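Novice: This structure is in structure tokens; I'll ask about it shortly.
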Amino acid sequence: MDDMTDISFKTKGAEPILIAVDFSSDSEAAFIWGVKQAALISAPIIVLHVVHDPAEKPGFYNKLGQSALLPLEEVALEKMEAFIQMASKAYAELDNAPIIDKKFVAGLPAGRIIEVADHENAQLIVIGTRGRSGLSNLLLGSVATHVLQGSKVPVVVVKSDQPKQPD
Amino acid sequence: MEPTLNQFTLFTGLFGGLALFLFGMDIMTDALKQAAGSYLKDVLAKLTRNRFMGVGVGAFITAVVNSSSVTTVILVGFISAGLLSMAQSVSVILGANIGSTITAQILAFKVSAIALPAITVGFGVTFLAPSKTLKQYGRMVLGFGLVFYGMSIMSDAMAPLRSHQPFLEALVNLDTVIAAAIAGAIFTAVIQSSAATTGIVIVMAGQGIIDLETAIAIALGANIGTCATAGLAAIGKPREAVWAAIVHLLFNVAGVVIWIAFIPELAEFVRGISPTSDDLTGTARAAADAPRQIANAHTIFNIANTALFIGFTTHLARFVEWLVPDRPLKVEESAVPKFLDPVLLSTPAVALNNVRFELDRMGDQVITMLKSGFESATHPTAKGMSEVIALDKSVDALHRAIVAYLGKISSSSLRDDDGRDVLRLLEVANSLEYIGDRVAIDIATSTRKRVEEGGKQDLERTAKLDNINRNIVDALEDAVRAVVQHDSELATDVRNRKVGVKQLHQEFELSGASLLTGDKAYLAAYVREIELLEILNAIFRTARSIARVQLAENKDRKIFADE
């Protein structure tokens with residue numbers, strides 16, 4: 001029999017690493033890099049998804065084969081869970097990854113990522129990039145570029161080494 | 001001498017007719033939304049990534065509810081409730097204008113002869129029908145009749161204006177198309193119905209008071225004025241909803257700007273394609289033909305605009321996002337309801353759907369309370385309990401908001417099964433609140449006493465309790481999910497867990513008996529453990545009663561489907 005013991009207050013952890021994902025393969029590369037980095041410096045992880053249906057691909061949050069209207073954030077949560085599971089399956093060492101805090105906010109991605117990083121006192125933002133180039137980059141820009149321009153904390157842009165996937 | 005104009009007859013006829021028209025429109029739209037609300041939800045939910053489907057959905061809903069403003073207001077509500085995205089709504093908005101052409105085409109029929117019969121039949125059915133659904137159809141017919149009766153009253157009242165010189169001189173001011181368009185926009189914005197504007201224009205042109213070109217210009221202006229309603233609905237809503245309202249405005253303004261230069265050509269074109277009354281001549285003929293010509297012109301410019309802009313939906317969305325910057329990030333407040341949008345109250349089926357999502361949120365908070373409440377009971381910390389009590393305040397606030405919202409839903413005329421749904425969801429909200437109180441009051445009190453009394457606890461017994469609690473947390477999670485997702489199978493599963501949990505209870509009780517004979521310091525902890533077990537038991541019973549609510553829904557459906 002043991003005596004009752006008071007659990008001590010959790011000490012506030014180190015500043016978190018913020019990994020911004022959109023569930024693409026580029027995001028997967030960023031996610032894996034971010035989790036490994038966090039393990040190295042034992043920082044907590046925040047995985048952020050900005051819920052924003054892209055104008056060029058409306059219906060990103062449609063759940064196929066479902067007739068009931070689901071809030072976009074619910075679908076985003078399901079996508080996030082599937083995404084993390086997929087990434088963890090592909091890289092077994094992610095199994096012992098520290099606890100990951102999942103976060104969702106609505107709005108325009110680039111601005112929101114910077115704001116959340118600020119709000120959560122993130123020490124680092126990790127983000128994937130599609131490696132768009134030429135005209136489409138000029139017209140549409142990229143979230144990563146905007147984050148790079150606006151962020152006050154260091155930003156790591158991870159390029160997936162997979163061949164470019166069609167949109 | 002010019003005929004004297006009885007102004008009293010004119011204005012009472014004009015405004016009385018307009019009032020009847022708008023009242024009829026309101027009754028019809030309301031009845032349609034009540035009867036088709038859940039259908040509406042399904043149609044919107046099946047929106048695909050395909051913008052052409054979006055246009056079809058927008059046109060269909062608008063044609064059904066007779067108003068593009070209502071469609072955009074519903075969209076704004078859905079977007080602000082987080083059910084649809086702005087990107088999805090753009091094509092629906094484009095389609096809404098096409099749908100509104102159906103109303104104009106119907107108004108162009110000379111159906112004033114059937115206005116009174118429709119009112120009689122509609123009222124009779126509304127008054128005598130045994131079922132609520134049938135009553136709604138009666139109200140639709142009644143509203144339809146009132147719309148046309150209002151139009152014929154306006155038409156009769158305006159007849160003398162044809163030869164009234166001062167009025168005709170005043171109309172000269174509307175001679176420029178831009179002035180006419182602005183007048184149409186302002187009038188539509190004020191009465192919040194482009195159909196009414198189109199109706200009046202059709203009446204005036206049918207009396208020969210205004211010519212086709214002016215009529216088209218006013219109808220074009222109405223397209224801009226109709227954006228006011230959605231604009232008002234978007235005030236104070238999340239950014240996405242504001243963007244959708246602005247897309248609506250930009251699209252309609254751009255369309256009018258393009259067409260306003262081509263009104264003479266459009267008028268000439270519709271004169272060529274619309275049916276003519278060959279037995280009449282001169283102004284009489286022009287007046288007789290005008291209604292259909294106006295409706296056709298309205299149809300042509302709306303379809304042409306949509307065809308023109310459908311290739312640019314992405315750019316339109318991007319442009320609006322650039323034009324109206326995002327609001328700064330707001331940290332979500334757990335005590336503030338997220339899904340209970342008043343705009344949705346007009347479509348009860350959708351509003352009830354959103355109550356489910358809010359209940360899901362409330363359920364999440366109650367589950368967090370239960371988890372950390374139990375954690376602090378078995379491993380007490382002052383901080384843990386104060387967090388639980390803070391969370392209870394948020395649960396209480398959500399409970400109050402949900403109950404108030406359900407009250408508002410039930411004060412509108414509901415279909416029978418929506419009415420029963422209100423009661424069921426009320427029960428779920430109350431049950432969750434009850435569980436929150438059990439944690440914040442009972443577990444907290446028990447824990448405080450436990451700490452005061454001191455003593456020792458057995459780790460193996462604590463692990464057993466923990467296992468029981470985990471089962472109860474699972475049951476609560478599944479019960480809430482069963483209600484939110486209408487999952488009767490899951491609800492049955494929760495109902496069936498009674499035996500398993502009871503067995504865990506018994507094992508726990510048995511393991512205590514032997515310990516009591518040993519260490520005296522254990523006695524105090526034992527009493528509190530049993531107390532905790534009783535509280536958990538009450539929570540488990542409530543979780544199972546939440547699951548029963550879902551099964552009751554299933555049963556109701558079966559009973560009423562058999563009727």
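Each chain of the structure tokens is named A, B, ... in the order shown, its residues numbered from 1; ligands are numbered from 1 in display order.
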Just the residues within 8 Å of range 77-94 of chain A, please, counting only C-alpha atoms, with nothing from its chain fewer than 2 positions along; format it as JSON, numbers by chain.
Specialist: {"A": [23, 28, 31, 32, 35, 36, 49, 73, 74, 75, 96, 97, 104]}
Novice: If we count only C-alpha atoms, what is near range 143-153 of chain A at a cut-off of 10 Å, once residues fewer than 6 positions away on the same chain are taken out, given as number ranges by chain?
Specialist: A: 20, 108-115, 117-118, 121-131, 137
Novice: Go through B:Ile468, B:Val388, B:Ala63, B:Ala81 one by one, measure the shortest atom-to-atom distance of each to Arg239 in chain B using only C-alpha atoms, and give the residue with the smallest value.
Specialist: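 Going through B:Ile468, B:Val388, B:Ala63, B:Ala81 one by one, the smallest distance to Arg239 in chain B is for B:Ala81.
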Novice: Need to verify the contact set: range 147-152 of chain B, 6 Å, only C-alpha atoms, exclusion of same-chain residues closer than 5 positions in sequence. Can you return it as a ChimeraX atom specification?
Specialist: /B:17-18,20-21,24,112,115
Novice: Write out as a ChimeraX atom specification which residues come within 12 Å of Ser394 in chain B when counting only C-alpha atoms, dropping same-chain ones fewer than 3 positions away.
Specialist: /B:333-337,361-366,368-369,387-391,397-401,433,436-437,440
Novice: Atoms to include: N, CA, C and O atoms. Write the selected residues as a short mmCIF file (atom, residue, chain, number, x, y, z; two decimals), in the first residue's frame.
Specialist:
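File again.cif, as written:
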```cif
data_model
loop_
_atom_site.label_atom_id
_atom_site.label_comp_id
_atom_site.auth_asym_id
_atom_site.auth_seq_id
_atom_site.Cartn_x
_atom_site.Cartn_y
_atom_site.Cartn_z
N GLU B 333 -13.66 30.78 -27.43
CA GLU B 333 -14.10 30.73 -26.03
C GLU B 333 -14.97 29.51 -25.85
O GLU B 333 -15.94 29.32 -26.58
N SER B 334 -14.60 28.69 -24.86
CA SER B 334 -15.34 27.44 -24.71
C SER B 334 -16.78 27.69 -24.28
O SER B 334 -17.66 26.90 -24.56
N ALA B 335 -17.04 28.81 -23.60
CA ALA B 335 -18.38 29.05 -23.08
C ALA B 335 -19.30 29.70 -24.12
O ALA B 335 -20.48 29.84 -23.88
N VAL B 336 -18.73 30.10 -25.26
CA VAL B 336 -19.54 30.76 -26.27
C VAL B 336 -19.97 29.74 -27.32
O VAL B 336 -19.14 29.07 -27.91
N PRO B 337 -21.29 29.61 -27.54
CA PRO B 337 -21.73 28.63 -28.52
C PRO B 337 -21.20 28.98 -29.91
O PRO B 337 -21.04 30.15 -30.25
N ARG B 361 -19.99 19.55 -28.88
CA ARG B 361 -18.99 20.39 -28.21
C ARG B 361 -19.18 20.35 -26.70
O ARG B 361 -18.23 20.23 -25.94
N MET B 362 -20.46 20.48 -26.28
CA MET B 362 -20.76 20.45 -24.86
C MET B 362 -20.35 19.10 -24.29
O MET B 362 -19.75 19.01 -23.20
N GLY B 363 -20.64 18.03 -25.05
CA GLY B 363 -20.27 16.68 -24.63
C GLY B 363 -18.75 16.55 -24.44
O GLY B 363 -18.28 15.99 -23.45
N ASP B 364 -17.99 17.11 -25.38
CA ASP B 364 -16.52 17.08 -25.27
C ASP B 364 -16.07 17.71 -23.97
O ASP B 364 -15.18 17.21 -23.28
N GLN B 365 -16.70 18.85 -23.63
CA GLN B 365 -16.29 19.54 -22.41
C GLN B 365 -16.67 18.73 -21.17
O GLN B 365 -15.89 18.65 -20.22
N VAL B 366 -17.86 18.12 -21.21
CA VAL B 366 -18.28 17.31 -20.06
C VAL B 366 -17.35 16.11 -19.90
O VAL B 366 -16.97 15.74 -18.77
N THR B 368 -14.20 15.94 -20.85
CA THR B 368 -12.94 16.45 -20.29
C THR B 368 -13.08 16.65 -18.78
O THR B 368 -12.18 16.31 -18.01
N MET B 369 -14.25 17.20 -18.38
CA MET B 369 -14.51 17.39 -16.95
C MET B 369 -14.44 16.08 -16.20
O MET B 369 -13.82 15.97 -15.14
N GLU B 387 -9.75 23.60 -12.11
CA GLU B 387 -9.93 23.58 -13.57
C GLU B 387 -11.28 22.96 -13.93
O GLU B 387 -11.99 23.43 -14.81
N VAL B 388 -11.61 21.88 -13.22
CA VAL B 388 -12.88 21.20 -13.48
C VAL B 388 -14.05 22.15 -13.20
O VAL B 388 -15.00 22.23 -13.96
N ILE B 389 -13.94 22.88 -12.10
CA ILE B 389 -15.05 23.78 -11.74
C ILE B 389 -15.16 24.92 -12.74
O ILE B 389 -16.26 25.34 -13.10
N ALA B 390 -14.00 25.39 -13.25
CA ALA B 390 -14.04 26.43 -14.28
C ALA B 390 -14.73 25.91 -15.54
O ALA B 390 -15.52 26.61 -16.18
N LEU B 391 -14.44 24.66 -15.87
CA LEU B 391 -15.04 24.05 -17.07
C LEU B 391 -16.55 23.91 -16.89
O LEU B 391 -17.32 24.04 -17.85
N ALA B 397 -22.96 27.50 -19.29
CA ALA B 397 -23.27 28.56 -20.26
C ALA B 397 -23.75 27.95 -21.57
O ALA B 397 -24.73 28.41 -22.16
N LEU B 398 -23.06 26.89 -22.03
CA LEU B 398 -23.48 26.23 -23.27
C LEU B 398 -24.88 25.63 -23.11
O LEU B 398 -25.71 25.72 -24.01
N HIS B 399 -25.12 25.04 -21.94
CA HIS B 399 -26.43 24.45 -21.68
C HIS B 399 -27.52 25.49 -21.80
O HIS B 399 -28.52 25.30 -22.49
N ARG B 400 -27.28 26.65 -21.16
CA ARG B 400 -28.28 27.72 -21.23
C ARG B 400 -28.50 28.16 -22.67
O ARG B 400 -29.63 28.33 -23.12
N ALA B 401 -27.40 28.32 -23.42
CA ALA B 401 -27.51 28.79 -24.80
C ALA B 401 -28.28 27.77 -25.65
O ALA B 401 -29.13 28.14 -26.46
N GLU B 433 -25.71 18.40 -18.79
CA GLU B 433 -25.58 19.38 -17.72
C GLU B 433 -25.56 18.66 -16.36
O GLU B 433 -24.78 18.99 -15.48
N GLY B 436 -22.27 17.15 -15.79
CA GLY B 436 -21.31 18.20 -15.42
C GLY B 436 -21.43 18.55 -13.94
O GLY B 436 -20.43 18.69 -13.24
N ASP B 437 -22.68 18.67 -13.47
CA ASP B 437 -22.89 18.99 -12.05
C ASP B 437 -22.41 17.88 -11.13
O ASP B 437 -21.88 18.13 -10.06
N ALA B 440 -18.69 18.44 -11.02
CA ALA B 440 -18.25 19.69 -10.39
C ALA B 440 -18.71 19.78 -8.93
O ALA B 440 -18.03 20.39 -8.11
#
```
Novice: I want to know what sits within 8 Å of Ala195 in chain B, based on only C-alpha atoms, with residues of the same chain fewer than 2 positions away left out; could you give that as a list in words?
Specialist: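 The filter keeps Asn66, Ser67, Ser100, Thr103, Ala104, Ser193, Thr197, Thr198 and Gly199 of chain B.
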Novice: Given the selection you just returned, output its residues as a file containing N, CA and C atoms, formatted as a PDB file, in the first residue's frame.
Specialist:
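What follows is the written file result_35.pdb:
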```pdb
ATOM      1  N   ASN B  66     -38.332  30.844 -53.925  1.00  0.00           N
ATOM      2  CA  ASN B  66     -38.807  32.069 -54.575  1.00  0.00           C
ATOM      3  C   ASN B  66     -38.018  33.317 -54.274  1.00  0.00           C
ATOM      4  N   SER B  67     -36.790  33.186 -53.835  1.00  0.00           N
ATOM      5  CA  SER B  67     -36.076  34.407 -53.485  1.00  0.00           C
ATOM      6  C   SER B  67     -34.581  34.141 -53.432  1.00  0.00           C
ATOM      7  N   SER B 100     -33.965  32.863 -59.535  1.00  0.00           N
ATOM      8  CA  SER B 100     -34.924  33.954 -59.350  1.00  0.00           C
ATOM      9  C   SER B 100     -35.662  34.272 -60.646  1.00  0.00           C
ATOM     10  N   THR B 103     -39.271  32.862 -60.732  1.00  0.00           N
ATOM     11  CA  THR B 103     -40.313  33.674 -60.092  1.00  0.00           C
ATOM     12  C   THR B 103     -40.828  34.724 -61.071  1.00  0.00           C
ATOM     13  N   ALA B 104     -39.903  35.405 -61.758  1.00  0.00           N
ATOM     14  CA  ALA B 104     -40.314  36.446 -62.700  1.00  0.00           C
ATOM     15  C   ALA B 104     -41.177  35.850 -63.809  1.00  0.00           C
ATOM     16  N   SER B 193     -37.127  42.462 -51.382  1.00  0.00           N
ATOM     17  CA  SER B 193     -37.625  41.405 -52.264  1.00  0.00           C
ATOM     18  C   SER B 193     -37.512  41.865 -53.699  1.00  0.00           C
ATOM     19  N   THR B 197     -40.244  43.826 -56.664  1.00  0.00           N
ATOM     20  CA  THR B 197     -39.895  44.859 -57.641  1.00  0.00           C
ATOM     21  C   THR B 197     -40.260  44.392 -59.046  1.00  0.00           C
ATOM     22  N   THR B 198     -39.845  43.166 -59.362  1.00  0.00           N
ATOM     23  CA  THR B 198     -40.171  42.624 -60.677  1.00  0.00           C
ATOM     24  C   THR B 198     -41.685  42.575 -60.867  1.00  0.00           C
ATOM     25  N   GLY B 199     -42.398  42.177 -59.819  1.00  0.00           N
ATOM     26  CA  GLY B 199     -43.856  42.113 -59.897  1.00  0.00           C
ATOM     27  C   GLY B 199     -44.456  43.480 -60.210  1.00  0.00           C
TER      28      GLY B 199
END
```
Novice: Between B:Arg292, B:Arg356, B:His379, B:Lys132, which residue has the minimum interatomic distance to chain A, considering only C-alpha atoms?
Specialist: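 Of all the options, B:His379 lies closest to chain A.
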Novice: I'd like the neighbourhood of range 121-128 of chain B as a VMD selection string, where a residue qualifies if any of its atoms comes within 8 Å (using only C-alpha atoms), though same-chain residues fewer than 6 positions away should be ignored.
Specialist: chain B and resid 134 to 143 145
Novice: Taking N, CA, C and O atoms for each residue, export the selection above as a PDB file, in the first residue's frame.
Specialist:
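Result file out.pdb:
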```pdb
ATOM      1  N   LEU B 134     -49.423  18.665 -44.509  1.00  0.00           N
ATOM      2  CA  LEU B 134     -50.470  19.067 -45.443  1.00  0.00           C
ATOM      3  C   LEU B 134     -50.817  20.545 -45.242  1.00  0.00           C
ATOM      4  O   LEU B 134     -51.046  21.281 -46.196  1.00  0.00           O
ATOM      5  N   LYS B 135     -50.851  20.965 -43.983  1.00  0.00           N
ATOM      6  CA  LYS B 135     -51.118  22.374 -43.673  1.00  0.00           C
ATOM      7  C   LYS B 135     -50.087  23.278 -44.361  1.00  0.00           C
ATOM      8  O   LYS B 135     -50.416  24.337 -44.877  1.00  0.00           O
ATOM      9  N   GLN B 136     -48.806  22.814 -44.339  1.00  0.00           N
ATOM     10  CA  GLN B 136     -47.764  23.630 -44.971  1.00  0.00           C
ATOM     11  C   GLN B 136     -48.034  23.778 -46.464  1.00  0.00           C
ATOM     12  O   GLN B 136     -47.854  24.848 -47.035  1.00  0.00           O
ATOM     13  N   TYR B 137     -48.474  22.683 -47.104  1.00  0.00           N
ATOM     14  CA  TYR B 137     -48.774  22.782 -48.537  1.00  0.00           C
ATOM     15  C   TYR B 137     -49.940  23.740 -48.747  1.00  0.00           C
ATOM     16  O   TYR B 137     -49.944  24.519 -49.706  1.00  0.00           O
ATOM     17  N   GLY B 138     -50.909  23.701 -47.826  1.00  0.00           N
ATOM     18  CA  GLY B 138     -52.026  24.635 -47.903  1.00  0.00           C
ATOM     19  C   GLY B 138     -51.540  26.072 -47.827  1.00  0.00           C
ATOM     20  O   GLY B 138     -51.969  26.945 -48.602  1.00  0.00           O
ATOM     21  N   ARG B 139     -50.602  26.315 -46.915  1.00  0.00           N
ATOM     22  CA  ARG B 139     -50.076  27.676 -46.765  1.00  0.00           C
ATOM     23  C   ARG B 139     -49.309  28.118 -48.001  1.00  0.00           C
ATOM     24  O   ARG B 139     -49.297  29.298 -48.348  1.00  0.00           O
ATOM     25  N   MET B 140     -48.644  27.154 -48.664  1.00  0.00           N
ATOM     26  CA  MET B 140     -47.950  27.512 -49.907  1.00  0.00           C
ATOM     27  C   MET B 140     -48.945  28.034 -50.940  1.00  0.00           C
ATOM     28  O   MET B 140     -48.731  29.068 -51.571  1.00  0.00           O
ATOM     29  N   VAL B 141     -50.046  27.286 -51.108  1.00  0.00           N
ATOM     30  CA  VAL B 141     -51.059  27.685 -52.092  1.00  0.00           C
ATOM     31  C   VAL B 141     -51.680  29.016 -51.682  1.00  0.00           C
ATOM     32  O   VAL B 141     -51.879  29.913 -52.505  1.00  0.00           O
ATOM     33  N   LEU B 142     -51.962  29.165 -50.393  1.00  0.00           N
ATOM     34  CA  LEU B 142     -52.521  30.412 -49.876  1.00  0.00           C
ATOM     35  C   LEU B 142     -51.589  31.584 -50.185  1.00  0.00           C
ATOM     36  O   LEU B 142     -52.013  32.628 -50.699  1.00  0.00           O
ATOM     37  N   GLY B 143     -50.291  31.405 -49.910  1.00  0.00           N
ATOM     38  CA  GLY B 143     -49.308  32.456 -50.169  1.00  0.00           C
ATOM     39  C   GLY B 143     -49.240  32.796 -51.645  1.00  0.00           C
ATOM     40  O   GLY B 143     -49.214  33.963 -52.044  1.00  0.00           O
ATOM     41  N   GLY B 145     -51.596  32.443 -53.858  1.00  0.00           N
ATOM     42  CA  GLY B 145     -52.800  33.198 -54.209  1.00  0.00           C
ATOM     43  C   GLY B 145     -52.687  34.657 -53.777  1.00  0.00           C
ATOM     44  O   GLY B 145     -53.015  35.576 -54.532  1.00  0.00           O
TER      45      GLY B 145
END
```
Novice: Looking only at alpha helix (DSSP H) from DSSP on the backbone, list the matching residues of range 183-327 of chain B as a PyMOL selection string.
Specialist: chain B and resi 183-191+194-206+212-225+227-234+239-260+263-273+282-309+313-323
Novice: Extract, using only C-alpha atoms, all DNA, RNA and protein residues at most 7 Å from Ala38 in chain A, discarding same-chain residues fewer than 6 positions from it, and format them as a PyMOL selection string.
Specialist: chain A and resi 17+44-45
Novice: Once you have the residues from the selection above, write them out as a PDB file, in the first residue's frame, restricted to C-alpha atoms.
Specialist:
```
ATOM      1  CA  ILE A  17       7.445  23.666 -32.583  1.00  0.00           C
ATOM      2  CA  PRO A  44       6.307  19.913 -27.559  1.00  0.00           C
ATOM      3  CA  ILE A  45       4.616  19.799 -30.954  1.00  0.00           C
TER       4      ILE A  45
END
```
Novice: Using Å and a single decimal, report how far CA of Ala284 in chain B sits from CA of Ser194 in chain B.
Specialist: 26.4 Å
